[in-house]
>>> print(open('upload.cif').read())   # mmCIF, C-alpha atoms
data_start
loop_
_atom_site.label_atom_id
_atom_site.label_comp_id
_atom_site.auth_asym_id
_atom_site.auth_seq_id
_atom_site.Cartn_x
_atom_site.Cartn_y
_atom_site.Cartn_z
CA MET G 1 -13.76 1.42 -14.98
CA LYS G 2 -14.36 5.03 -14.01
CA ASN G 3 -17.40 4.17 -11.86
CA ILE G 4 -15.59 1.31 -10.11
CA PHE G 5 -12.72 3.57 -9.07
CA ARG G 6 -14.99 6.36 -7.91
CA ALA G 7 -17.03 3.90 -5.83
CA ALA G 8 -13.83 2.91 -4.04
CA LEU G 9 -13.19 6.56 -3.20
CA ALA G 10 -16.75 7.39 -2.18
CA ALA G 11 -17.00 9.81 0.72
CA VAL G 12 -17.40 8.33 4.18
CA ALA G 13 -18.54 10.74 6.87
CA PHE G 14 -17.74 9.83 10.46
CA SER G 15 -18.15 11.13 14.00
CA ALA G 16 -16.95 10.11 17.45
CA LEU G 17 -18.87 7.94 19.91
CA THR G 18 -18.06 7.53 23.58
CA ILE G 19 -19.48 5.56 26.49
CA ALA G 20 -18.41 6.97 29.84
CA LEU G 21 -17.08 4.37 32.30
CA PRO G 22 -15.55 4.70 35.76
CA PRO G 23 -11.74 4.79 35.59
CA VAL G 24 -9.79 1.60 36.26
CA ALA G 25 -6.10 1.69 37.23
CA GLN G 26 -4.45 -0.19 34.35
CA ALA G 27 -1.57 0.47 31.97
CA GLU G 28 -2.76 1.50 28.49
CA LEU G 29 -2.92 -1.27 25.93
CA VAL G 30 -0.38 -0.60 23.16
CA ILE G 31 1.66 -2.56 20.61
CA ASP G 32 5.33 -1.63 20.29
CA ILE G 33 5.92 -2.23 16.58
CA THR G 34 9.57 -1.18 16.85
CA LYS G 35 10.48 -4.33 18.80
CA PRO G 36 12.43 -6.83 16.67
CA SER G 37 10.18 -9.68 17.82
CA MET G 38 6.78 -9.68 19.44
CA GLU G 39 3.77 -11.93 19.84
CA PRO G 40 0.66 -10.82 17.91
CA LEU G 41 -1.95 -9.19 20.14
CA PRO G 42 -5.03 -11.41 20.68
CA ILE G 43 -8.05 -9.39 19.55
CA ALA G 44 -11.71 -10.31 19.21
CA ILE G 45 -13.73 -8.79 16.38
CA ALA G 46 -17.33 -9.54 17.28
CA ASP G 47 -19.90 -10.11 14.55
CA PHE G 48 -21.46 -6.73 13.88
CA GLY G 49 -25.14 -6.57 14.66
CA ALA G 50 -27.70 -5.48 12.07
CA ALA G 51 -30.70 -3.27 12.75
CA SER G 52 -32.72 -5.25 10.18
CA PRO G 53 -32.39 -8.75 8.68
CA GLY G 54 -31.59 -7.29 5.24
CA GLU G 55 -28.32 -5.85 6.56
CA THR G 56 -26.80 -9.07 7.89
CA GLY G 57 -24.76 -9.65 4.75
CA VAL G 58 -23.27 -6.15 4.94
CA SER G 59 -22.57 -6.34 8.68
CA GLY G 60 -20.96 -9.76 8.31
CA GLU G 61 -18.74 -8.53 5.47
CA ILE G 62 -17.54 -5.55 7.51
CA SER G 63 -16.64 -7.79 10.47
CA GLN G 64 -14.71 -10.19 8.22
CA VAL G 65 -12.81 -7.37 6.46
CA ILE G 66 -11.63 -6.07 9.86
CA ARG G 67 -10.57 -9.57 10.97
CA ASN G 68 -8.63 -10.20 7.77
CA ASP G 69 -6.91 -6.80 7.75
CA LEU G 70 -5.68 -7.02 11.34
CA GLN G 71 -4.69 -10.69 11.05
CA ASN G 72 -2.78 -10.09 7.81
CA SER G 73 -0.77 -7.26 9.38
CA GLY G 74 1.05 -9.80 11.55
CA LEU G 75 0.60 -7.60 14.61
CA PHE G 76 -2.73 -9.07 15.69
CA ARG G 77 -4.13 -12.56 16.24
CA SER G 78 -7.80 -12.43 15.35
CA LEU G 79 -9.60 -14.86 17.66
CA ASP G 80 -12.00 -17.45 16.25
CA PRO G 81 -15.61 -16.18 16.60
CA ASN G 82 -16.66 -19.73 17.53
CA SER G 83 -14.78 -19.23 20.82
CA PHE G 84 -16.84 -16.16 21.78
CA ILE G 85 -19.27 -16.49 24.67
CA THR G 86 -21.24 -13.55 23.26
CA ARG G 87 -21.31 -13.51 19.46
CA SER G 88 -22.86 -10.06 18.84
CA PRO G 89 -22.59 -7.82 21.92
CA ASP G 90 -24.63 -4.62 22.11
CA VAL G 91 -22.53 -1.81 20.62
CA ALA G 92 -24.33 0.80 22.72
CA ALA G 93 -23.39 -0.77 26.08
CA PRO G 94 -20.15 -1.86 27.78
CA PRO G 95 -19.35 -5.52 27.09
CA LYS G 96 -19.12 -8.17 29.80
CA PHE G 97 -15.35 -7.90 30.11
CA ALA G 98 -15.02 -11.18 32.04
CA ASP G 99 -16.45 -13.09 29.07
CA TRP G 100 -13.63 -11.81 26.88
CA ARG G 101 -10.87 -12.30 29.46
CA VAL G 102 -11.83 -15.98 29.62
CA ILE G 103 -10.78 -16.45 25.98
CA ASN G 104 -7.59 -14.38 26.54
CA SER G 105 -8.68 -11.49 24.37
CA GLN G 106 -6.85 -8.26 25.16
CA ALA G 107 -8.95 -6.04 22.89
CA LEU G 108 -12.48 -6.21 21.50
CA VAL G 109 -14.18 -4.57 18.51
CA THR G 110 -17.97 -4.32 18.56
CA GLY G 111 -20.29 -2.76 15.99
CA LYS G 112 -23.68 -2.50 14.35
CA THR G 113 -25.10 -1.44 11.00
CA TYR G 114 -28.25 0.61 10.34
CA LEU G 115 -29.95 1.45 7.05
CA GLU G 116 -31.11 5.06 7.29
CA SER G 117 -34.39 6.33 5.78
CA ASP G 118 -32.43 8.20 3.09
CA GLY G 119 -30.78 4.95 1.94
CA ARG G 120 -27.41 5.59 3.57
CA LEU G 121 -25.65 2.96 5.63
CA ARG G 122 -24.70 3.94 9.18
CA VAL G 123 -22.01 1.85 10.87
CA GLU G 124 -21.12 2.19 14.55
CA PHE G 125 -18.09 0.59 16.14
CA ARG G 126 -16.11 0.68 19.38
CA LEU G 127 -12.72 -0.61 20.45
CA TRP G 128 -12.44 -1.86 24.03
CA ASP G 129 -9.45 -2.50 26.29
CA ILE G 130 -10.51 -5.71 28.03
CA PHE G 131 -8.18 -5.61 31.03
CA ALA G 132 -8.53 -1.87 31.68
CA GLU G 133 -12.29 -2.18 31.03
CA GLN G 134 -12.28 1.03 29.01
CA GLN G 135 -13.44 2.19 25.62
CA MET G 136 -10.40 3.21 23.58
CA ILE G 137 -12.15 4.69 20.53
CA GLY G 138 -15.62 4.78 18.98
CA PHE G 139 -16.93 6.14 15.68
CA GLN G 140 -19.97 6.04 13.46
CA PHE G 141 -19.69 6.13 9.66
CA PHE G 142 -22.22 7.16 7.02
CA THR G 143 -21.85 5.88 3.48
CA SER G 144 -23.67 4.01 0.71
CA PRO G 145 -24.33 0.28 1.30
CA GLU G 146 -22.11 -0.79 -1.64
CA ASN G 147 -19.18 0.97 0.04
CA SER G 148 -19.29 -1.28 3.13
CA ARG G 149 -15.91 -2.95 2.48
CA ARG G 150 -14.19 0.41 2.62
CA VAL G 151 -15.78 1.10 6.00
CA GLY G 152 -14.30 -2.20 7.20
CA HIS G 153 -10.85 -1.09 6.04
CA MET G 154 -11.28 2.29 7.74
CA ILE G 155 -12.28 0.66 11.03
CA ALA G 156 -9.22 -1.63 10.80
CA ASP G 157 -7.09 1.47 10.20
CA ALA G 158 -8.55 3.16 13.27
CA VAL G 159 -7.89 0.10 15.46
CA TYR G 160 -4.35 -0.27 14.08
CA GLU G 161 -3.54 3.40 14.71
CA ARG G 162 -5.00 3.45 18.23
CA LEU G 163 -3.09 0.35 19.32
CA THR G 164 0.24 0.98 17.54
CA GLY G 165 0.48 4.76 17.29
CA ASP G 166 1.16 4.40 13.54
CA LYS G 167 -1.30 5.09 10.74
CA GLY G 168 -2.97 2.07 9.22
CA TYR G 169 -2.64 1.12 5.56
CA PHE G 170 -5.76 -0.92 4.90
CA ASP G 171 -7.87 1.79 3.23
CA THR G 172 -5.59 1.90 0.19
CA ARG G 173 -5.40 0.58 -3.37
CA VAL G 174 -2.70 -1.03 -5.49
CA VAL G 175 -2.11 -0.57 -9.19
CA TYR G 176 -0.30 -3.45 -10.89
CA VAL G 177 0.34 -5.24 -14.18
CA ALA G 178 -2.10 -8.09 -14.85
CA GLU G 179 -0.45 -10.78 -17.00
CA SER G 180 -2.06 -13.42 -19.18
CA GLY G 181 -1.27 -15.59 -22.18
CA PRO G 182 1.82 -17.66 -23.02
CA VAL G 183 5.16 -16.53 -21.61
CA THR G 184 6.54 -15.88 -25.09
CA ARG G 185 3.60 -13.64 -26.02
CA ARG G 186 2.44 -12.07 -22.79
CA THR G 187 -0.51 -9.69 -22.51
CA LYS G 188 0.16 -7.05 -19.85
CA ARG G 189 -2.63 -4.73 -18.73
CA LEU G 190 -2.87 -2.03 -16.11
CA ALA G 191 -5.11 -3.21 -13.28
CA ILE G 192 -6.16 -1.87 -9.89
CA MET G 193 -7.37 -3.53 -6.68
CA ASP G 194 -7.81 -2.98 -2.96
CA GLN G 195 -4.68 -3.66 -0.93
CA ASP G 196 -6.09 -7.05 0.10
CA GLY G 197 -6.65 -8.13 -3.52
CA ALA G 198 -10.40 -7.47 -3.61
CA ASN G 199 -12.24 -5.43 -6.25
CA ALA G 200 -9.68 -6.04 -9.00
CA SER G 201 -10.46 -4.39 -12.34
CA PHE G 202 -8.62 -3.57 -15.57
CA LEU G 203 -7.64 -0.04 -16.55
CA THR G 204 -6.27 -0.78 -20.05
CA ASP G 205 -7.37 -3.23 -22.73
CA GLY G 206 -4.10 -5.13 -23.21
CA ARG G 207 -3.44 -4.13 -26.82
CA ASN G 208 -0.18 -2.50 -25.71
CA LEU G 209 2.29 -3.89 -23.20
CA VAL G 210 2.61 -1.81 -20.03
CA LEU G 211 5.22 -1.74 -17.25
CA THR G 212 6.11 0.07 -13.98
CA PRO G 213 2.84 1.81 -13.02
CA ARG G 214 3.14 4.38 -10.21
CA PHE G 215 0.46 6.35 -8.32
CA SER G 216 0.45 10.13 -8.09
CA PRO G 217 0.36 11.59 -4.55
CA THR G 218 -3.26 12.66 -5.14
CA ASN G 219 -4.44 9.18 -6.20
CA GLN G 220 -5.89 10.76 -9.36
CA ALA G 221 -3.25 9.66 -11.90
CA ILE G 222 -0.90 6.80 -12.71
CA SER G 223 2.38 7.06 -14.61
CA PHE G 224 3.61 4.05 -16.54
CA MET G 225 5.63 2.93 -19.55
CA SER G 226 3.85 1.56 -22.61
CA TYR G 227 5.02 0.05 -25.87
CA GLN G 228 2.59 2.03 -28.01
CA GLY G 229 3.74 3.18 -31.43
CA GLU G 230 7.33 2.93 -32.53
CA ARG G 231 9.08 2.94 -29.14
CA PRO G 232 8.48 2.65 -25.39
CA ARG G 233 7.36 5.91 -23.85
CA VAL G 234 6.02 7.29 -20.57
CA TYR G 235 2.26 7.84 -20.27
CA ILE G 236 -0.06 9.39 -17.69
CA PHE G 237 -3.39 7.67 -17.01
CA ASP G 238 -6.16 9.85 -15.52
CA LEU G 239 -8.25 7.73 -13.14
CA ASN G 240 -11.26 10.05 -13.24
CA SER G 241 -11.62 10.20 -17.03
CA GLY G 242 -9.84 6.99 -18.08
CA ARG G 243 -7.77 8.95 -20.62
CA GLU G 244 -4.11 8.23 -21.40
CA GLU G 245 -1.64 10.97 -22.30
CA VAL G 246 1.85 10.37 -23.69
CA LEU G 247 4.70 12.64 -22.56
CA GLN G 248 5.75 14.14 -25.90
CA GLY G 249 8.89 15.86 -27.07
CA PHE G 250 11.59 13.29 -26.28
CA ASN G 251 13.97 11.93 -28.90
CA GLY G 252 14.78 8.71 -27.06
CA MET G 253 13.01 5.89 -25.26
CA THR G 254 11.49 7.07 -21.96
CA PHE G 255 10.76 4.72 -19.05
CA ALA G 256 10.78 4.17 -15.24
CA PRO G 257 8.63 7.21 -14.30
CA ARG G 258 7.82 8.26 -10.76
CA PHE G 259 5.97 11.30 -9.40
CA SER G 260 7.46 13.93 -7.11
CA PRO G 261 5.87 14.23 -3.64
CA ASP G 262 3.82 17.27 -4.70
CA GLY G 263 2.67 15.57 -7.92
CA ASN G 264 3.84 18.46 -10.10
CA SER G 265 6.91 16.75 -11.54
CA LEU G 266 8.02 13.37 -12.81
CA VAL G 267 11.48 11.82 -12.66
CA MET G 268 12.11 9.33 -15.45
CA SER G 269 14.87 7.79 -17.55
CA MET G 270 15.59 8.45 -21.19
CA ALA G 271 17.82 6.32 -23.40
CA ARG G 272 19.39 8.30 -26.24
CA ASP G 273 22.60 7.97 -28.27
CA GLY G 274 23.67 4.89 -26.32
CA ASN G 275 23.34 6.58 -22.94
CA THR G 276 20.63 6.42 -20.25
CA ASP G 277 20.10 9.34 -17.88
CA LEU G 278 17.57 10.69 -15.43
CA TYR G 279 15.37 13.65 -16.37
CA LEU G 280 12.95 15.82 -14.44
CA VAL G 281 9.71 16.81 -16.20
CA ASP G 282 7.48 19.65 -14.94
CA LEU G 283 3.97 18.29 -15.61
CA ARG G 284 2.45 21.79 -15.67
CA THR G 285 4.79 23.42 -18.20
CA ARG G 286 6.40 20.28 -19.72
CA ALA G 287 9.79 21.89 -19.11
CA THR G 288 12.51 19.19 -18.92
CA ARG G 289 15.76 19.16 -17.00
CA ARG G 290 18.55 16.61 -17.35
CA LEU G 291 19.70 15.44 -13.90
CA THR G 292 22.55 13.02 -14.70
CA SER G 293 25.16 13.02 -17.47
CA ASP G 294 27.45 10.15 -16.56
CA PRO G 295 28.40 7.74 -19.42
CA SER G 296 26.51 4.89 -17.73
CA ILE G 297 22.98 3.64 -17.11
CA ASP G 298 21.20 5.85 -14.57
CA THR G 299 17.60 4.83 -13.90
CA GLY G 300 14.96 4.00 -11.28
CA GLY G 301 14.70 7.45 -9.66
CA SER G 302 12.62 7.82 -6.48
CA PHE G 303 12.12 11.04 -4.50
CA SER G 304 12.59 11.44 -0.76
CA PRO G 305 9.29 12.36 0.96
CA ASP G 306 10.30 16.02 1.26
CA GLY G 307 11.30 16.17 -2.42
CA SER G 308 14.84 17.33 -1.69
CA GLN G 309 16.69 14.18 -2.82
CA ILE G 310 16.43 11.37 -5.36
CA VAL G 311 17.67 7.81 -4.95
CA PHE G 312 18.51 5.91 -8.14
CA GLU G 313 20.46 2.96 -9.51
CA SER G 314 23.57 3.26 -11.68
CA ASP G 315 26.42 1.17 -12.99
CA ARG G 316 28.78 4.17 -13.12
CA GLY G 317 31.07 2.41 -10.62
CA GLY G 318 31.28 -0.76 -12.71
CA THR G 319 28.39 -2.67 -11.09
CA GLN G 320 24.70 -1.98 -10.45
CA GLN G 321 24.54 0.04 -7.22
CA ILE G 322 22.38 2.59 -5.37
CA TYR G 323 23.16 6.32 -5.41
CA VAL G 324 21.56 9.39 -3.84
CA MET G 325 21.69 12.92 -5.23
CA ASN G 326 19.99 16.25 -4.60
CA ALA G 327 16.77 16.79 -6.54
CA ASP G 328 18.58 19.18 -8.90
CA GLY G 329 21.10 16.46 -9.81
CA SER G 330 23.97 17.77 -7.67
CA ASN G 331 26.10 15.74 -5.24
CA PRO G 332 25.49 12.18 -6.51
CA HIS G 333 27.08 9.66 -4.15
CA ARG G 334 26.97 5.90 -3.73
CA ILE G 335 25.32 4.42 -0.62
CA SER G 336 25.31 0.64 -1.32
CA PHE G 337 28.53 -1.24 -0.51
CA GLY G 338 27.42 -4.78 0.31
CA ASP G 339 28.03 -7.89 -1.76
CA GLY G 340 26.05 -8.35 -4.96
CA ARG G 341 24.12 -5.90 -7.11
CA TYR G 342 21.30 -3.50 -6.23
CA ALA G 343 18.31 -2.28 -8.25
CA THR G 344 14.86 -0.57 -8.06
CA PRO G 345 15.51 1.63 -4.99
CA VAL G 346 12.42 3.25 -3.45
CA TRP G 347 12.39 5.83 -0.67
CA SER G 348 10.14 5.03 2.30
CA PRO G 349 7.19 7.41 2.91
CA ARG G 350 8.58 7.83 6.44
CA GLY G 351 11.87 9.07 5.00
CA ASP G 352 13.97 6.75 7.16
CA MET G 353 14.70 3.84 4.80
CA ILE G 354 15.24 2.83 1.19
CA ALA G 355 13.91 -0.48 -0.14
CA PHE G 356 15.63 -2.22 -3.04
CA THR G 357 16.08 -5.42 -5.03
CA LYS G 358 19.23 -7.34 -4.09
CA MET G 359 20.88 -9.77 -6.54
CA LEU G 360 23.36 -12.13 -4.89
CA GLY G 361 24.42 -15.73 -5.43
CA GLY G 362 21.88 -16.46 -8.15
CA THR G 363 18.89 -15.27 -6.10
CA PHE G 364 16.86 -12.08 -5.94
CA GLY G 365 15.51 -10.60 -2.72
CA ILE G 366 13.94 -7.50 -1.20
CA GLY G 367 16.06 -5.53 1.24
CA VAL G 368 16.06 -2.26 3.15
CA MET G 369 18.78 0.10 4.34
CA ARG G 370 18.96 3.46 6.02
CA THR G 371 19.22 6.45 3.70
CA ASN G 372 22.99 6.65 4.27
CA GLY G 373 23.41 3.00 3.25
CA GLN G 374 23.92 1.66 6.76
CA GLY G 375 21.87 -1.02 8.50
CA GLU G 376 21.21 -3.12 5.41
CA ARG G 377 18.80 -6.02 5.97
CA ARG G 378 17.48 -8.58 3.50
CA LEU G 379 13.78 -9.31 4.05
CA THR G 380 13.12 -11.92 1.35
CA GLU G 381 15.06 -14.23 -0.95
CA SER G 382 13.82 -16.44 -3.77
CA PHE G 383 14.18 -17.28 -7.44
CA LEU G 384 13.04 -13.74 -8.38
CA ASP G 385 11.81 -11.18 -5.83
CA GLU G 386 11.95 -7.65 -7.25
CA GLY G 387 10.32 -4.24 -7.47
CA PRO G 388 9.46 -3.15 -3.91
CA SER G 389 6.65 -0.67 -3.20
CA TRP G 390 6.00 0.83 0.25
CA ALA G 391 2.69 0.96 2.10
CA PRO G 392 1.89 4.61 2.91
CA ASN G 393 2.81 4.10 6.58
CA GLY G 394 6.29 2.77 5.68
CA ARG G 395 5.85 -0.51 7.59
CA VAL G 396 4.98 -3.00 4.82
CA ILE G 397 6.37 -3.63 1.33
CA MET G 398 4.71 -5.21 -1.73
CA PHE G 399 6.80 -6.75 -4.49
CA THR G 400 6.79 -9.16 -7.42
CA ARG G 401 7.76 -12.80 -6.89
CA GLY G 402 8.59 -14.59 -10.14
CA ALA G 403 8.45 -18.35 -10.65
CA PRO G 404 10.72 -20.56 -12.81
CA GLY G 405 7.76 -21.32 -15.11
CA GLY G 406 7.28 -17.65 -15.94
CA ASN G 407 4.16 -16.76 -13.94
CA SER G 408 4.58 -14.07 -11.30
CA SER G 409 2.61 -13.15 -8.19
CA ILE G 410 2.37 -10.21 -5.80
CA TYR G 411 3.59 -10.65 -2.24
CA SER G 412 3.91 -8.43 0.82
CA VAL G 413 6.34 -8.51 3.72
CA ASP G 414 6.71 -6.35 6.82
CA LEU G 415 9.94 -4.81 8.07
CA THR G 416 10.66 -7.80 10.33
CA GLY G 417 10.79 -10.08 7.28
CA ARG G 418 8.60 -12.63 9.09
CA ASN G 419 5.12 -11.70 7.88
CA LEU G 420 5.39 -12.81 4.24
CA ARG G 421 2.13 -13.43 2.40
CA ARG G 422 0.77 -13.69 -1.12
CA ILE G 423 -1.77 -11.12 -2.30
CA PRO G 424 -4.58 -12.88 -4.23
CA THR G 425 -5.06 -11.71 -7.84
CA PRO G 426 -7.29 -13.18 -10.59
CA GLY G 427 -4.24 -14.24 -12.62
CA ALA G 428 -0.50 -13.69 -12.87
CA ALA G 429 0.50 -10.23 -11.63
CA SER G 430 3.61 -8.05 -11.29
CA ASP G 431 4.86 -4.49 -10.71
CA PRO G 432 2.64 -3.55 -7.72
CA ALA G 433 2.56 0.10 -6.67
CA TRP G 434 0.83 1.08 -3.44
CA SER G 435 -1.42 4.14 -3.38
CA PRO G 436 -1.16 6.86 -0.76
CA ASP G 437 -3.96 6.90 1.82
CA LEU G 438 -7.30 7.28 0.07
CA ASP G 439 -8.95 10.68 0.14
CA THR G 440 -10.93 11.36 3.30
CA SER G 441 -10.99 15.15 2.89
CA SER G 442 -14.77 15.07 2.60
CA ALA G 443 -15.16 13.28 5.93
CA THR G 444 -16.50 15.22 8.88
CA ASN G 445 -15.39 14.69 12.48
#
>>> encode(input="upload.cif", output="structure tokens")
Amino acid sequence: MKNIFRAALAAVAFSALTIALPPVAQAELVIDITKPSMEPLPIAIADFGAASPGETGVSGEISQVIRNDLQNSGLFRSLDPNSFITRSPDVAAPPKFADWRVINSQALVTGKTYLESDGRLRVEFRLWDIFAEQQMIGFQFFTSPENSRRVGHMIADAVYERLTGDKGYFDTRVVYVAESGPVTRRTKRLAIMDQDGANASFLTDGRNLVLTPRFSPTNQAISFMSYQGERPRVYIFDLNSGREEVLQGFNGMTFAPRFSPDGNSLVMSMARDGNTDLYLVDLRTRATRRLTSDPSIDTGGSFSPDGSQIVFESDRGGTQQIYVMNADGSNPHRISFGDGRYATPVWSPRGDMIAFTKMLGGTFGIGVMRTNGQGERRLTESFLDEGPSWAPNGRVIMFTRGAPGGNSSIYSVDLTGRNLRRIPTPGAASDPAWSPDLDTSSATN
């Protein structure tokens, strides 16, 4: 478990590559992701070359990871490699741009892998603007061969950012609840996977039921609720050591934890004496502060990215609605006023929106609204869609989709509501929580 997670976070060093070309008068290729409707950009991801026959499996995997990431984003249309005139163009030379214009490709990714004498894998790639006949970006990466999938995600991130102006979200992980067994006696274990569903592994053994896992901002810890002992309580799971720690000193049931943006505090709910309120816990000193004291159910707290406010759900007005208050508990005010009920609000990492679960007319769906409650839009609707979690760039949401038979799956949808897709998991799955961007602090430019 520990080794698997550390392998996913292995350092990847990178540096820039450039091929100088004469300038061509052409508008810069860019995708406007703010447009309400747009056609996906046709892009060709050429099969990466390999310096030796033993690397062909690695180079092919990297190429396919890039294709899948960009295609799944809904912003790109990855062209079929069988349509390419040149299957593996030389990464060190400009491509024959006419060959790519013929198949209507607007952008091209080329690359090659090399196994260095010290055992490291070197991966070169370049992104080309076909009509402007210019290199847009180029990098080389150094890592261990078993870390090749992560390099593919990082290249997809670089392409996404260069063509959209927004950070990519492919080099990330998702913690979730893996479910198995009969519906009446469900086993629920903490599990973790890449954002595309690959490399899934268990973090807990399933002896105790777990719910609502959430990543820390540093990617080093996960908060969750577990039914260990005599009552449900909040735990912290350390991803480096694999140890679990219960938050002690509370007289009531504690649940629905979520980290503050700096990772030093935790907002959670505690049920005691027939009342449920939000509390703030300082994880360094274990000092606790009560944030709400209304005779109602206040739960599901989520910080704004700057840590100054908390969004939460409450039935203090008679129905389940969304409220926002200052991080010290002052100035609570309702922001949801549409039909139906609202639950599980989550502040976007961009700070501009709040995602939520909407219950209306016997269906559950995922929606978004601005932080003042205006501009509400429903992105999904089904038998049971609930529990949104934002990608770190604030453009995509993962959530749980339940089925009438009891099995649940993880889905994602973008802010247009059109790019809905199922995330593959080994079995039934629920409660996804997206990680922040993985640590690249050890990378060198």
>>> residues_around(input="upload.cif", residues="Leu108 (chain G)", least_positions_apart="4", cutoff="7 Å", atoms="all atoms listed in the file", output="short mmCIF file (atom, residue, chain, number, x, y, z; two decimals) with C-alpha atoms, keeping the file's coordinate frame")
data_model
loop_
_atom_site.label_atom_id
_atom_site.label_comp_id
_atom_site.auth_asym_id
_atom_site.auth_seq_id
_atom_site.Cartn_x
_atom_site.Cartn_y
_atom_site.Cartn_z
CA ILE G 43 -8.05 -9.39 19.55
CA ALA G 44 -11.71 -10.31 19.21
CA ILE G 45 -13.73 -8.79 16.38
CA LEU G 127 -12.72 -0.61 20.45
CA TRP G 128 -12.44 -1.86 24.03
CA ASP G 129 -9.45 -2.50 26.29
CA ILE G 130 -10.51 -5.71 28.03
#
>>> atom_distance(input="upload.cif", atom1="CA of Ile85 (chain G)", atom2="CA of Thr110 (chain G)")
13.7 Å
>>> resolve_selection(input="upload.cif", expression="the PyMOL selection byres ((chain G and resi 305-321) around 9)", output="number ranges by chain")
G: 260-262, 267, 278, 294-304, 322-329, 334-337, 340-351, 354, 371
>>> write_last_selection(input="upload.cif", atoms="C-alpha atoms", output="short mmCIF file (atom, residue, chain, number, x, y, z; two decimals), keeping the file's coordinate frame")
data_model
loop_
_atom_site.label_atom_id
_atom_site.label_comp_id
_atom_site.auth_asym_id
_atom_site.auth_seq_id
_atom_site.Cartn_x
_atom_site.Cartn_y
_atom_site.Cartn_z
CA SER G 260 7.46 13.93 -7.11
CA PRO G 261 5.87 14.23 -3.64
CA ASP G 262 3.82 17.27 -4.70
CA VAL G 267 11.48 11.82 -12.66
CA LEU G 278 17.57 10.69 -15.43
CA ASP G 294 27.45 10.15 -16.56
CA PRO G 295 28.40 7.74 -19.42
CA SER G 296 26.51 4.89 -17.73
CA ILE G 297 22.98 3.64 -17.11
CA ASP G 298 21.20 5.85 -14.57
CA THR G 299 17.60 4.83 -13.90
CA GLY G 300 14.96 4.00 -11.28
CA GLY G 301 14.70 7.45 -9.66
CA SER G 302 12.62 7.82 -6.48
CA PHE G 303 12.12 11.04 -4.50
CA SER G 304 12.59 11.44 -0.76
CA ILE G 322 22.38 2.59 -5.37
CA TYR G 323 23.16 6.32 -5.41
CA VAL G 324 21.56 9.39 -3.84
CA MET G 325 21.69 12.92 -5.23
CA ASN G 326 19.99 16.25 -4.60
CA ALA G 327 16.77 16.79 -6.54
CA ASP G 328 18.58 19.18 -8.90
CA GLY G 329 21.10 16.46 -9.81
CA ARG G 334 26.97 5.90 -3.73
CA ILE G 335 25.32 4.42 -0.62
CA SER G 336 25.31 0.64 -1.32
CA PHE G 337 28.53 -1.24 -0.51
CA GLY G 340 26.05 -8.35 -4.96
CA ARG G 341 24.12 -5.90 -7.11
CA TYR G 342 21.30 -3.50 -6.23
CA ALA G 343 18.31 -2.28 -8.25
CA THR G 344 14.86 -0.57 -8.06
CA PRO G 345 15.51 1.63 -4.99
CA VAL G 346 12.42 3.25 -3.45
CA TRP G 347 12.39 5.83 -0.67
CA SER G 348 10.14 5.03 2.30
CA PRO G 349 7.19 7.41 2.91
CA ARG G 350 8.58 7.83 6.44
CA GLY G 351 11.87 9.07 5.00
CA ILE G 354 15.24 2.83 1.19
CA THR G 371 19.22 6.45 3.70
#
>>> resolve_selection(input="upload.cif", expression="the PyMOL selection byres ((chain G and resi 86) around 9)", output="PyMOL selection string")
chain G and resi 46+83-85+87-89+96+99-100
>>> resolve_selection(input="upload.cif", expression="the PyMOL selection byres ((chain G and resi 149) around 10)", output="mmCIF file with C-alpha atoms, in the coordinates of the input")
data_model
loop_
_atom_site.group_PDB
_atom_site.id
_atom_site.type_symbol
_atom_site.label_atom_id
_atom_site.label_comp_id
_atom_site.auth_asym_id
_atom_site.auth_seq_id
_atom_site.Cartn_x
_atom_site.Cartn_y
_atom_site.Cartn_z
ATOM 1 C CA ALA G 8 -13.830 2.910 -4.040
ATOM 2 C CA VAL G 58 -23.270 -6.150 4.940
ATOM 3 C CA SER G 59 -22.570 -6.340 8.680
ATOM 4 C CA GLU G 61 -18.740 -8.530 5.470
ATOM 5 C CA ILE G 62 -17.540 -5.550 7.510
ATOM 6 C CA SER G 63 -16.640 -7.790 10.470
ATOM 7 C CA GLN G 64 -14.710 -10.190 8.220
ATOM 8 C CA VAL G 65 -12.810 -7.370 6.460
ATOM 9 C CA ILE G 66 -11.630 -6.070 9.860
ATOM 10 C CA PRO G 145 -24.330 0.280 1.300
ATOM 11 C CA GLU G 146 -22.110 -0.790 -1.640
ATOM 12 C CA ASN G 147 -19.180 0.970 0.040
ATOM 13 C CA SER G 148 -19.290 -1.280 3.130
ATOM 14 C CA ARG G 150 -14.190 0.410 2.620
ATOM 15 C CA VAL G 151 -15.780 1.100 6.000
ATOM 16 C CA GLY G 152 -14.300 -2.200 7.200
ATOM 17 C CA HIS G 153 -10.850 -1.090 6.040
ATOM 18 C CA MET G 154 -11.280 2.290 7.740
ATOM 19 C CA ILE G 155 -12.280 0.660 11.030
ATOM 20 C CA ASP G 171 -7.870 1.790 3.230
ATOM 21 C CA ASP G 194 -7.810 -2.980 -2.960
ATOM 22 C CA ALA G 198 -10.400 -7.470 -3.610
ATOM 23 C CA ASN G 199 -12.240 -5.430 -6.250
#
